$ cat target.cif   # mmCIF, C-alpha atoms
data_entry
loop_
_atom_site.group_PDB
_atom_site.id
_atom_site.type_symbol
_atom_site.label_atom_id
_atom_site.label_comp_id
_atom_site.auth_asym_id
_atom_site.auth_seq_id
_atom_site.Cartn_x
_atom_site.Cartn_y
_atom_site.Cartn_z
ATOM 1 C CA MET A 20 333.056 14.359 108.284
ATOM 2 C CA VAL A 21 331.580 16.831 110.707
ATOM 3 C CA GLU A 22 334.071 17.866 113.347
ATOM 4 C CA PHE A 23 332.753 18.203 116.863
ATOM 5 C CA ASN A 24 333.441 21.642 118.250
ATOM 6 C CA GLU A 25 331.533 24.338 120.121
ATOM 7 C CA MET A 26 329.811 25.509 116.939
ATOM 8 C CA THR A 27 328.401 22.038 116.323
ATOM 9 C CA ILE A 28 327.175 21.879 119.904
ATOM 10 C CA ALA A 29 325.467 25.264 119.522
ATOM 11 C CA PHE A 30 323.929 24.108 116.234
ATOM 12 C CA ILE A 31 322.534 20.970 117.863
ATOM 13 C CA ILE A 32 321.115 22.942 120.801
ATOM 14 C CA PHE A 33 319.405 25.526 118.575
ATOM 15 C CA SER A 34 318.109 22.827 116.222
ATOM 16 C CA VAL A 35 316.593 20.977 119.159
ATOM 17 C CA PHE A 36 314.996 24.275 120.259
ATOM 18 C CA ALA A 37 313.566 24.925 116.803
ATOM 19 C CA LEU A 38 312.280 21.417 116.103
ATOM 20 C CA GLY A 39 311.136 20.630 119.646
ATOM 21 C CA GLY A 40 309.328 23.940 119.855
ATOM 22 C CA GLY A 41 307.651 23.177 116.539
ATOM 23 C CA ILE A 42 306.466 19.790 117.770
ATOM 24 C CA GLY A 43 305.211 21.486 120.929
ATOM 25 C CA VAL A 44 303.217 23.955 118.830
ATOM 26 C CA VAL A 45 301.425 21.344 116.756
ATOM 27 C CA ALA A 46 300.938 18.729 119.481
ATOM 28 C CA ASN A 47 299.887 20.752 122.513
ATOM 29 C CA HIS A 48 296.389 20.537 123.994
ATOM 30 C CA ASN A 49 296.532 24.022 125.442
ATOM 31 C CA LEU A 50 296.709 26.767 122.860
ATOM 32 C CA PHE A 51 298.386 29.167 125.295
ATOM 33 C CA ARG A 52 301.182 26.678 125.939
ATOM 34 C CA GLY A 53 301.402 26.297 122.186
ATOM 35 C CA THR A 54 302.292 29.969 121.886
ATOM 36 C CA ILE A 55 305.046 29.520 124.489
ATOM 37 C CA TRP A 56 306.412 26.613 122.447
ATOM 38 C CA LEU A 57 306.214 28.850 119.382
ATOM 39 C CA MET A 58 308.485 31.335 121.160
ATOM 40 C CA VAL A 59 310.969 28.520 121.927
ATOM 41 C CA SER A 60 310.975 27.461 118.288
ATOM 42 C CA LEU A 61 311.447 31.027 117.020
ATOM 43 C CA PHE A 62 314.315 31.500 119.460
ATOM 44 C CA GLY A 63 316.011 28.394 118.088
ATOM 45 C CA VAL A 64 315.664 29.755 114.549
ATOM 46 C CA ALA A 65 317.200 33.054 115.725
ATOM 47 C CA GLY A 66 320.176 31.093 117.081
ATOM 48 C CA LEU A 67 320.572 29.358 113.726
ATOM 49 C CA PHE A 68 320.652 32.805 112.094
ATOM 50 C CA VAL A 69 323.513 33.790 114.409
ATOM 51 C CA LEU A 70 325.418 30.636 113.415
ATOM 52 C CA LEU A 71 324.835 31.565 109.760
ATOM 53 C CA SER A 72 326.419 34.982 110.473
ATOM 54 C CA ALA A 73 323.215 36.954 109.977
ATOM 55 C CA PRO A 74 323.066 38.826 113.297
ATOM 56 C CA PHE A 75 320.622 41.488 112.111
ATOM 57 C CA LEU A 76 318.075 38.854 111.098
ATOM 58 C CA ALA A 77 318.558 37.116 114.441
ATOM 59 C CA ALA A 78 317.852 40.354 116.321
ATOM 60 C CA VAL A 79 314.828 41.090 114.133
ATOM 61 C CA GLN A 80 313.643 37.517 114.670
ATOM 62 C CA VAL A 81 313.692 38.003 118.428
ATOM 63 C CA LEU A 82 312.171 41.504 118.299
ATOM 64 C CA VAL A 83 309.485 41.004 115.659
ATOM 65 C CA TYR A 84 308.640 37.316 115.954
ATOM 66 C CA ILE A 85 309.006 36.655 119.671
ATOM 67 C CA GLY A 86 308.259 40.208 120.760
ATOM 68 C CA ALA A 87 305.334 40.994 118.482
ATOM 69 C CA ILE A 88 303.911 38.040 116.548
ATOM 70 C CA ALA A 89 304.050 35.506 119.374
ATOM 71 C CA ILE A 90 302.452 38.050 121.727
ATOM 72 C CA LEU A 91 299.755 38.610 119.090
ATOM 73 C CA PHE A 92 299.109 34.858 119.032
ATOM 74 C CA THR A 93 298.931 34.853 122.827
ATOM 75 C CA PHE A 94 296.243 37.548 122.683
ATOM 76 C CA ALA A 95 294.317 35.644 120.010
ATOM 77 C CA ALA A 96 294.529 32.416 122.007
ATOM 78 C CA MET A 97 293.116 34.168 125.064
ATOM 79 C CA LEU A 98 290.414 36.092 123.177
ATOM 80 C CA THR A 99 289.082 33.034 121.349
ATOM 81 C CA ARG A 100 289.084 30.534 124.168
ATOM 82 C CA SER A 101 286.558 27.900 123.227
ATOM 83 C CA MET A 102 285.834 24.622 124.948
ATOM 84 C CA THR A 103 285.258 22.657 121.771
ATOM 85 C CA SER A 104 288.850 22.867 120.617
ATOM 86 C CA LEU A 105 290.210 21.233 123.745
ATOM 87 C CA HIS A 106 288.968 17.721 122.963
ATOM 88 C CA ASP A 107 288.991 17.203 119.218
ATOM 89 C CA ARG A 108 292.410 18.554 118.628
ATOM 90 C CA PHE A 109 293.328 16.763 115.423
ATOM 91 C CA ASN A 110 291.632 16.182 112.129
ATOM 92 C CA ARG A 111 292.427 12.876 110.367
ATOM 93 C CA LEU A 112 295.596 12.396 112.405
ATOM 94 C CA GLY A 113 297.032 9.285 110.735
ATOM 95 C CA PHE A 114 296.532 10.596 107.237
ATOM 96 C CA THR A 115 298.275 13.900 107.934
ATOM 97 C CA VAL A 116 301.164 12.262 109.822
ATOM 98 C CA ILE A 117 301.816 10.003 106.833
ATOM 99 C CA GLY A 118 301.486 12.939 104.446
ATOM 100 C CA SER A 119 303.981 15.078 106.362
ATOM 101 C CA ALA A 120 306.427 12.180 106.663
ATOM 102 C CA VAL A 121 306.202 11.576 102.910
ATOM 103 C CA LEU A 122 306.824 15.298 102.291
ATOM 104 C CA PHE A 123 309.871 15.168 104.583
ATOM 105 C CA GLY A 124 311.173 12.146 102.686
ATOM 106 C CA ILE A 125 310.662 13.888 99.344
ATOM 107 C CA LEU A 126 312.546 16.946 100.608
ATOM 108 C CA ILE A 127 315.414 14.761 101.875
ATOM 109 C CA ILE A 128 315.702 12.765 98.648
ATOM 110 C CA GLY A 129 315.042 15.601 96.225
ATOM 111 C CA ILE A 130 316.983 18.507 97.712
ATOM 112 C CA ILE A 131 319.200 17.493 100.598
ATOM 113 C CA TRP A 132 320.575 14.279 99.097
ATOM 114 C CA PRO A 133 322.121 16.100 96.081
ATOM 115 C CA VAL A 134 323.574 18.785 98.369
ATOM 116 C CA TRP A 135 324.988 16.102 100.651
ATOM 117 C CA GLY A 136 326.294 14.158 97.664
ATOM 118 C CA ALA A 137 328.108 17.239 96.364
ATOM 119 C CA GLY A 138 330.548 16.699 99.205
ATOM 120 C CA ASP A 139 333.045 19.472 99.759
ATOM 121 C CA VAL A 140 331.299 22.009 97.542
ATOM 122 C CA PHE A 141 328.802 23.005 100.210
ATOM 123 C CA ALA A 142 330.866 21.911 103.206
ATOM 124 C CA GLU A 143 332.002 25.435 104.061
ATOM 125 C CA PRO A 144 330.931 28.973 103.238
ATOM 126 C CA LEU A 145 332.623 30.456 100.205
ATOM 127 C CA SER A 146 333.960 33.491 102.031
ATOM 128 C CA ASP A 147 335.163 33.617 105.606
ATOM 129 C CA VAL A 148 334.296 37.270 106.092
ATOM 130 C CA ALA A 149 330.547 37.627 106.197
ATOM 131 C CA LEU A 150 328.929 40.890 105.211
ATOM 132 C CA THR A 151 327.716 43.081 108.015
ATOM 133 C CA THR A 152 324.432 44.778 108.818
ATOM 134 C CA THR A 153 325.727 47.896 107.069
ATOM 135 C CA ASP A 154 325.893 45.978 103.792
ATOM 136 C CA LEU A 155 322.339 44.731 104.316
ATOM 137 C CA GLY A 156 321.166 48.318 104.818
ATOM 138 C CA ILE A 157 322.965 49.425 101.663
ATOM 139 C CA ALA A 158 321.483 46.518 99.695
ATOM 140 C CA LEU A 159 317.972 47.313 100.957
ATOM 141 C CA LEU A 160 318.113 51.034 100.241
ATOM 142 C CA SER A 161 320.374 51.464 97.206
ATOM 143 C CA GLY A 162 318.956 52.081 93.757
ATOM 144 C CA GLU A 163 320.500 48.880 92.339
ATOM 145 C CA GLY A 164 319.291 46.909 95.327
ATOM 146 C CA TYR A 165 315.917 46.391 96.897
ATOM 147 C CA VAL A 166 314.636 49.906 97.456
ATOM 148 C CA LEU A 167 311.352 49.355 95.581
ATOM 149 C CA PRO A 168 310.399 46.128 97.421
ATOM 150 C CA PHE A 169 311.496 47.860 100.634
ATOM 151 C CA GLU A 170 309.050 50.722 100.138
ATOM 152 C CA LEU A 171 306.335 48.291 99.017
ATOM 153 C CA ALA A 172 306.889 46.317 102.221
ATOM 154 C CA SER A 173 306.282 49.450 104.281
ATOM 155 C CA VAL A 174 303.042 50.100 102.353
ATOM 156 C CA LEU A 175 302.053 46.451 102.890
ATOM 157 C CA LEU A 176 302.602 46.780 106.631
ATOM 158 C CA THR A 177 300.476 49.936 106.770
ATOM 159 C CA VAL A 178 297.694 48.264 104.771
ATOM 160 C CA ALA A 179 297.828 45.173 106.986
ATOM 161 C CA MET A 180 297.689 47.268 110.152
ATOM 162 C CA ILE A 181 294.687 49.304 109.012
ATOM 163 C CA GLY A 182 292.996 46.179 107.649
ATOM 164 C CA ALA A 183 293.498 44.298 110.907
ATOM 165 C CA ILE A 184 291.985 47.182 112.884
ATOM 166 C CA VAL A 185 288.979 47.435 110.543
ATOM 167 C CA ILE A 186 288.338 43.674 110.500
ATOM 168 C CA ALA A 187 288.716 43.104 114.242
ATOM 169 C CA ARG A 188 286.724 46.182 115.313
ATOM 170 C CA ASP A 189 283.425 45.522 117.017
ATOM 171 C CA ASP A 190 280.589 46.978 114.942
ATOM 172 C CA ASP A 191 278.116 46.930 117.833
ATOM 173 C CA GLU A 192 280.045 49.499 119.829
ATOM 174 C CA GLU A 193 279.916 51.875 116.934
ATOM 175 C CA GLU A 194 276.145 51.605 116.666
ATOM 176 C CA GLU A 195 275.652 52.076 120.369
ATOM 177 C CA GLN A 196 277.392 55.412 120.175
ATOM 178 C CA ARG A 197 274.984 56.736 117.560
ATOM 179 C CA MET B 20 332.155 24.398 110.029
ATOM 180 C CA ILE B 21 328.721 22.853 109.860
ATOM 181 C CA PRO B 22 327.947 21.642 106.337
ATOM 182 C CA LEU B 23 324.983 23.057 104.473
ATOM 183 C CA TRP B 24 322.922 19.867 104.462
ATOM 184 C CA MET B 25 322.520 19.918 108.242
ATOM 185 C CA TYR B 26 320.771 23.278 108.064
ATOM 186 C CA LEU B 27 318.618 21.961 105.231
ATOM 187 C CA VAL B 28 317.603 18.919 107.289
ATOM 188 C CA VAL B 29 316.525 21.159 110.177
ATOM 189 C CA ALA B 30 314.593 23.438 107.805
ATOM 190 C CA ALA B 31 312.904 20.492 106.097
ATOM 191 C CA GLY B 32 311.922 19.054 109.470
ATOM 192 C CA LEU B 33 310.483 22.364 110.631
ATOM 193 C CA PHE B 34 308.604 22.765 107.349
ATOM 194 C CA SER B 35 307.136 19.257 107.621
ATOM 195 C CA ILE B 36 306.049 19.921 111.197
ATOM 196 C CA GLY B 37 304.344 23.097 109.980
ATOM 197 C CA VAL B 38 302.601 21.256 107.133
ATOM 198 C CA PHE B 39 301.400 18.639 109.591
ATOM 199 C CA GLY B 40 300.024 21.360 111.867
ATOM 200 C CA VAL B 41 298.232 23.167 109.043
ATOM 201 C CA LEU B 42 296.630 19.962 107.775
ATOM 202 C CA SER B 43 295.702 18.364 111.075
ATOM 203 C CA ARG B 44 294.905 21.000 113.701
ATOM 204 C CA ARG B 45 291.272 21.970 114.088
ATOM 205 C CA ASN B 46 291.909 25.339 115.744
ATOM 206 C CA ALA B 47 292.418 28.294 113.430
ATOM 207 C CA VAL B 48 294.958 29.962 115.749
ATOM 208 C CA ALA B 49 297.031 26.767 115.809
ATOM 209 C CA ILE B 50 296.868 26.612 112.011
ATOM 210 C CA LEU B 51 298.256 30.149 111.773
ATOM 211 C CA MET B 52 301.037 29.266 114.221
ATOM 212 C CA SER B 53 301.957 26.304 112.002
ATOM 213 C CA VAL B 54 302.078 28.647 108.999
ATOM 214 C CA GLU B 55 304.576 30.761 110.941
ATOM 215 C CA LEU B 56 306.700 27.638 111.492
ATOM 216 C CA MET B 57 306.714 26.981 107.740
ATOM 217 C CA LEU B 58 307.762 30.569 106.986
ATOM 218 C CA ASN B 59 310.592 30.228 109.498
ATOM 219 C CA ALA B 60 311.803 27.057 107.792
ATOM 220 C CA VAL B 61 311.863 28.933 104.480
ATOM 221 C CA ASN B 62 313.889 31.702 106.117
ATOM 222 C CA ILE B 63 316.458 29.205 107.402
ATOM 223 C CA ASN B 64 316.819 27.863 103.866
ATOM 224 C CA LEU B 65 317.224 31.326 102.351
ATOM 225 C CA VAL B 66 319.894 32.421 104.815
ATOM 226 C CA ALA B 67 321.721 29.061 104.682
ATOM 227 C CA PHE B 68 321.939 29.052 100.895
ATOM 228 C CA TRP B 69 323.002 32.709 100.982
ATOM 229 C CA ARG B 70 325.808 31.914 103.415
ATOM 230 C CA TYR B 71 327.103 28.851 101.617
ATOM 231 C CA THR B 72 326.795 29.728 97.939
ATOM 232 C CA SER B 73 326.689 33.470 97.327
ATOM 233 C CA SER B 74 329.674 35.589 96.418
ATOM 234 C CA ALA B 75 331.139 38.036 98.890
ATOM 235 C CA GLN B 76 329.358 41.110 97.539
ATOM 236 C CA SER B 77 325.780 39.887 97.584
ATOM 237 C CA MET B 78 323.147 40.362 100.272
ATOM 238 C CA ASN B 79 320.281 38.796 98.317
ATOM 239 C CA GLY B 80 319.528 35.958 100.719
ATOM 240 C CA GLN B 81 319.277 38.137 103.801
ATOM 241 C CA ALA B 82 317.193 40.735 101.951
ATOM 242 C CA PHE B 83 314.740 38.035 100.850
ATOM 243 C CA ALA B 84 314.567 36.657 104.385
ATOM 244 C CA ALA B 85 313.816 40.156 105.689
ATOM 245 C CA PHE B 86 310.948 40.521 103.197
ATOM 246 C CA VAL B 87 309.563 37.111 104.161
ATOM 247 C CA LEU B 88 309.617 38.318 107.767
ATOM 248 C CA VAL B 89 307.660 41.472 106.877
ATOM 249 C CA VAL B 90 305.043 39.486 104.964
ATOM 250 C CA ALA B 91 304.771 37.020 107.849
ATOM 251 C CA ALA B 92 304.077 39.863 110.275
ATOM 252 C CA ALA B 93 301.367 41.291 108.007
ATOM 253 C CA GLU B 94 299.852 37.848 107.498
ATOM 254 C CA ALA B 95 299.734 37.160 111.231
ATOM 255 C CA ALA B 96 298.063 40.499 111.992
ATOM 256 C CA VAL B 97 295.357 40.165 109.316
ATOM 257 C CA GLY B 98 294.837 36.445 109.941
ATOM 258 C CA LEU B 99 294.330 36.879 113.655
ATOM 259 C CA ALA B 100 291.966 39.818 113.047
ATOM 260 C CA ILE B 101 289.881 37.588 110.744
ATOM 261 C CA ILE B 102 289.879 34.789 113.338
ATOM 262 C CA ILE B 103 288.685 37.195 116.041
ATOM 263 C CA ALA B 104 285.960 38.563 113.745
ATOM 264 C CA VAL B 105 284.770 35.030 112.901
ATOM 265 C CA TYR B 106 284.866 34.081 116.574
ATOM 266 C CA ARG B 107 282.752 37.095 117.476
ATOM 267 C CA ASN B 108 280.107 36.148 114.923
ATOM 268 C CA ARG B 109 280.032 32.360 115.299
ATOM 269 C CA ARG B 110 281.553 31.655 118.759
ATOM 270 C CA SER B 111 283.951 29.190 117.169
ATOM 271 C CA VAL B 112 287.547 29.072 115.964
ATOM 272 C CA ILE B 113 287.148 25.812 114.024
ATOM 273 C CA PRO B 114 287.546 26.583 110.315
ATOM 274 C CA GLU B 115 285.099 23.828 109.257
ATOM 275 C CA GLU B 116 282.264 25.551 111.088
ATOM 276 C CA ALA B 117 282.682 28.797 109.146
ATOM 277 C CA ASP B 118 280.674 27.465 106.200
ATOM 278 C CA THR B 119 278.267 30.285 105.322
ATOM 279 C CA LEU B 120 279.502 30.345 101.729
ATOM 280 C CA LYS B 121 279.253 26.560 101.325
ATOM 281 C CA GLY B 122 276.892 25.622 98.487
#
$ encode --input "target.cif" --output "structure tokens"
Amino acid sequence: MVEFNEMTIAFIIFSVFALGGGIGVVANHNLFRGTIWLMVSLFGVAGLFVLLSAPFLAAVQVLVYIGAIAILFTFAAMLTRSMTSLHDRFNRLGFTVIGSAVLFGILIIGIIWPVWGAGDVFAEPLSDVALTTTDLGIALLSGEGYVLPFELASVLLTVAMIGAIVIARDDDEEEEQR
Amino acid sequence: MIPLWMYLVVAAGLFSIGVFGVLSRRNAVAILMSVELMLNAVNINLVAFWRYTSSAQSMNGQAFAAFVLVVAAAEAAVGLAIIIAVYRNRRSVIPEEADTLKG
């Protein structure tokens, strides 16, 4: 059975952050408040990463997700403020609630039930000493590791940045200058 | 220690919330935020399975989670740029109203 110590308490707190923030994102009238709830949810996920002894991912989660992506969503929510979205918030609400609940049930029965039934096998991590950020850096940049996907990811980020600038640029301004 | 299935329950819940948001919300920005929730749930699963099953010398789970994070950042940037471009042309962020290509 699950023992009740400070780690369990921290897990419960961060899980409540993650799930409550998620519900706040999908259920909120105000899109701006939705982005704040998104930050709460992402912070909870970062805390779960810390509990899973992945501190680098937790720091990146806070820096990239909360610091950059959530701010980007805030900008988009403010730039595209439209009155029509405030009233009709949901689309076929009952149908989608049932669909999501069925998906959750399938995930519980299909994946989590076998893991739970395995008992002690997955009760604790295999090794007490978790690898550090140094090992992650070596794995990402060594020849046997992930150096090719790493470089591809940097190219992808460059492409996405240039593409976002080109797509979001206002064409009218350009023509006025001519 | 917290057993693995508790992390999986949280990730499954977050994923289901994200699926619900993608299917039901009528605002394109909210749909993208729900997609981010789903990607986060996937990341929890990757790191949890890495922590509980991998051998001591492997960093595969964290490396995959880092790549998912990179792709999520790129997806958010391009997606929001497209939403802003559509909004500028049609004064609307409701995906159903962007139906120029509809036959």
$ residues_around --input "target.cif" --residues "Pro22 in chain B" --least-positions-apart "5" --cutoff "7 Å" --atoms "all atoms listed in the file" --output "list in words"
Phe141, Ala142 and Glu143 of chain A
$ atom_distance --input "target.cif" --atom1 "CA of Arg110 in chain B" --atom2 "CA of Arg100 in chain A"
9.3 Å
$ closest_residue --input "target.cif" --among "A:Ile130, A:Val185, A:Ala78, A:Ala179" --to "chain B" --atoms "all atoms listed in the file"
A:Ala179
$ resolve_selection --input "target.cif" --expression "the PyMOL selection byres ((chain A and resi 41-52) around 7)" --output "JSON list (two decimals) with C-alpha atoms, in the coordinates of the input"
[["chain", "number", "residue", "atom", "x", "y", "z"],
["A", 37, "ALA", "CA", 313.57, 24.92, 116.80],
["A", 38, "LEU", "CA", 312.28, 21.42, 116.10],
["A", 39, "GLY", "CA", 311.14, 20.63, 119.65],
["A", 40, "GLY", "CA", 309.33, 23.94, 119.86],
["A", 53, "GLY", "CA", 301.40, 26.30, 122.19],
["A", 54, "THR", "CA", 302.29, 29.97, 121.89],
["A", 55, "ILE", "CA", 305.05, 29.52, 124.49],
["A", 56, "TRP", "CA", 306.41, 26.61, 122.45],
["A", 57, "LEU", "CA", 306.21, 28.85, 119.38],
["A", 60, "SER", "CA", 310.98, 27.46, 118.29],
["A", 93, "THR", "CA", 298.93, 34.85, 122.83],
["A", 96, "ALA", "CA", 294.53, 32.42, 122.01],
["A", 105, "LEU", "CA", 290.21, 21.23, 123.74],
["A", 108, "ARG", "CA", 292.41, 18.55, 118.63],
["B", 33, "LEU", "CA", 310.48, 22.36, 110.63],
["B", 36, "ILE", "CA", 306.05, 19.92, 111.20],
["B", 40, "GLY", "CA", 300.02, 21.36, 111.87],
["B", 53, "SER", "CA", 301.96, 26.30, 112.00],
["B", 56, "LEU", "CA", 306.70, 27.64, 111.49]]
$ resolve_selection --input "target.cif" --expression "the PyMOL selection byres ((chain B and resi 62-66) around 10)" --output "JSON, numbers by chain"
{"A": [64, 65, 67, 68, 71, 72, 73, 76], "B": [23, 26, 27, 28, 29, 30, 31, 33, 56, 57, 58, 59, 60, 61, 67, 68, 69, 70, 71, 78, 79, 80, 81, 82, 83, 84, 85, 86, 87, 88]}
$ atom_distance --input "target.cif" --atom1 "CA of Ser43 in chain B" --atom2 "CA of Thr115 in chain A"
6.0 Å
$ residues_around --input "target.cif" --residues "Leu99 in chain B" --least-positions-apart "3" --cutoff "10 Å" --atoms "only C-alpha atoms" --output "list in words"
Leu91, Phe92, Phe94, Ala95, Ala96, Ala183, Ile186 and Ala187 of chain A; Ala47, Val48, Leu51, Glu94, Ala95, Ala96, Ile102, Ile103, Ala104 and Val105 of chain B
$ closest_residue --input "target.cif" --among "B:Ala117, B:Val89, B:Leu42, B:Met25" --to "Ile101 in chain B" --atoms "all atoms listed in the file"
B:Ala117
$ atom_distance --input "target.cif" --atom1 "CA of Ile32 in chain A" --atom2 "CA of Phe34 in chain B"
18.4 Å
$ axis_aligned_box --input "target.cif" --around "range 165-184 of chain A" --padding-each-side "3 Å" --output "JSON"
{"center_x": 304.0, "center_y": 47.5, "center_z": 104.2, "size_x": 29.9, "size_y": 12.4, "size_z": 23.3}
$ closest_residue --input "target.cif" --among "B:Arg44, B:Glu115, B:Arg107, B:Gly98" --to "chain A" --atoms "only C-alpha atoms"
B:Arg44
$ closest_residue --input "target.cif" --among "B:Asn108, B:Ala100, B:Val54, B:Ala91" --to "chain A" --atoms "all atoms listed in the file"
B:Ala100
$ resolve_selection --input "target.cif" --expression "the PyMOL selection byres ((chain A and resi 164) around 12)" --output "ChimeraX atom specification"
/A:154-163,165-170 /B:76-79,82-83
$ closest_residue --input "target.cif" --among "B:Ser35, B:Ala92, B:Val41, B:Asn46" --to "Leu82 in chain A" --atoms "all atoms listed in the file"
B:Ala92
$ closest_residue --input "target.cif" --among "A:Leu112, A:Ile181, A:Ile125, A:Ala29" --to "chain B" --atoms "only C-alpha atoms"
A:Leu112
$ decode --input "target.cif" --residues "range 34-41 of chain B" --atoms "all heavy atoms" --output "compact mmCIF listing (two decimals), in the first residue's frame"
# COMPACT_ATOMS: atom_id res chain seq x y z
N PHE B 34 -4.50 13.95 -20.01
CA PHE B 34 -4.69 13.69 -21.44
C PHE B 34 -6.18 13.76 -21.81
O PHE B 34 -6.56 14.35 -22.83
CB PHE B 34 -4.11 12.33 -21.81
CG PHE B 34 -4.03 12.08 -23.28
CD1 PHE B 34 -2.95 12.53 -24.00
CD2 PHE B 34 -5.03 11.40 -23.94
CE1 PHE B 34 -2.87 12.31 -25.37
CE2 PHE B 34 -4.97 11.17 -25.29
CZ PHE B 34 -3.88 11.63 -26.00
N SER B 35 -7.03 13.16 -20.95
CA SER B 35 -8.47 13.17 -21.24
C SER B 35 -9.03 14.58 -21.19
O SER B 35 -9.88 14.95 -22.01
CB SER B 35 -9.21 12.27 -20.25
OG SER B 35 -8.73 10.95 -20.35
N ILE B 36 -8.53 15.39 -20.22
CA ILE B 36 -8.97 16.78 -20.17
C ILE B 36 -8.58 17.50 -21.46
O ILE B 36 -9.36 18.26 -22.04
CB ILE B 36 -8.36 17.48 -18.94
CG1 ILE B 36 -8.97 16.93 -17.65
CG2 ILE B 36 -8.58 18.98 -19.00
CD1 ILE B 36 -8.25 17.39 -16.41
N GLY B 37 -7.35 17.22 -21.94
CA GLY B 37 -6.90 17.85 -23.18
C GLY B 37 -7.74 17.42 -24.38
O GLY B 37 -8.10 18.25 -25.22
N VAL B 38 -8.07 16.12 -24.44
CA VAL B 38 -8.91 15.64 -25.54
C VAL B 38 -10.27 16.30 -25.50
O VAL B 38 -10.81 16.75 -26.53
CB VAL B 38 -9.05 14.10 -25.46
CG1 VAL B 38 -10.15 13.62 -26.39
CG2 VAL B 38 -7.75 13.43 -25.83
N PHE B 39 -10.83 16.42 -24.29
CA PHE B 39 -12.12 17.09 -24.15
C PHE B 39 -12.03 18.53 -24.65
O PHE B 39 -12.91 19.01 -25.39
CB PHE B 39 -12.56 17.06 -22.69
CG PHE B 39 -13.68 18.00 -22.37
CD1 PHE B 39 -14.95 17.74 -22.84
CD2 PHE B 39 -13.45 19.14 -21.63
CE1 PHE B 39 -15.97 18.61 -22.57
CE2 PHE B 39 -14.47 20.00 -21.35
CZ PHE B 39 -15.74 19.75 -21.82
N GLY B 40 -10.94 19.23 -24.28
CA GLY B 40 -10.80 20.62 -24.72
C GLY B 40 -10.68 20.73 -26.23
O GLY B 40 -11.29 21.61 -26.85
N VAL B 41 -9.90 19.84 -26.83
CA VAL B 41 -9.71 19.90 -28.29
C VAL B 41 -11.04 19.66 -29.00
O VAL B 41 -11.39 20.33 -29.97
CB VAL B 41 -8.66 18.87 -28.73
CG1 VAL B 41 -8.67 18.72 -30.24
CG2 VAL B 41 -7.29 19.30 -28.28
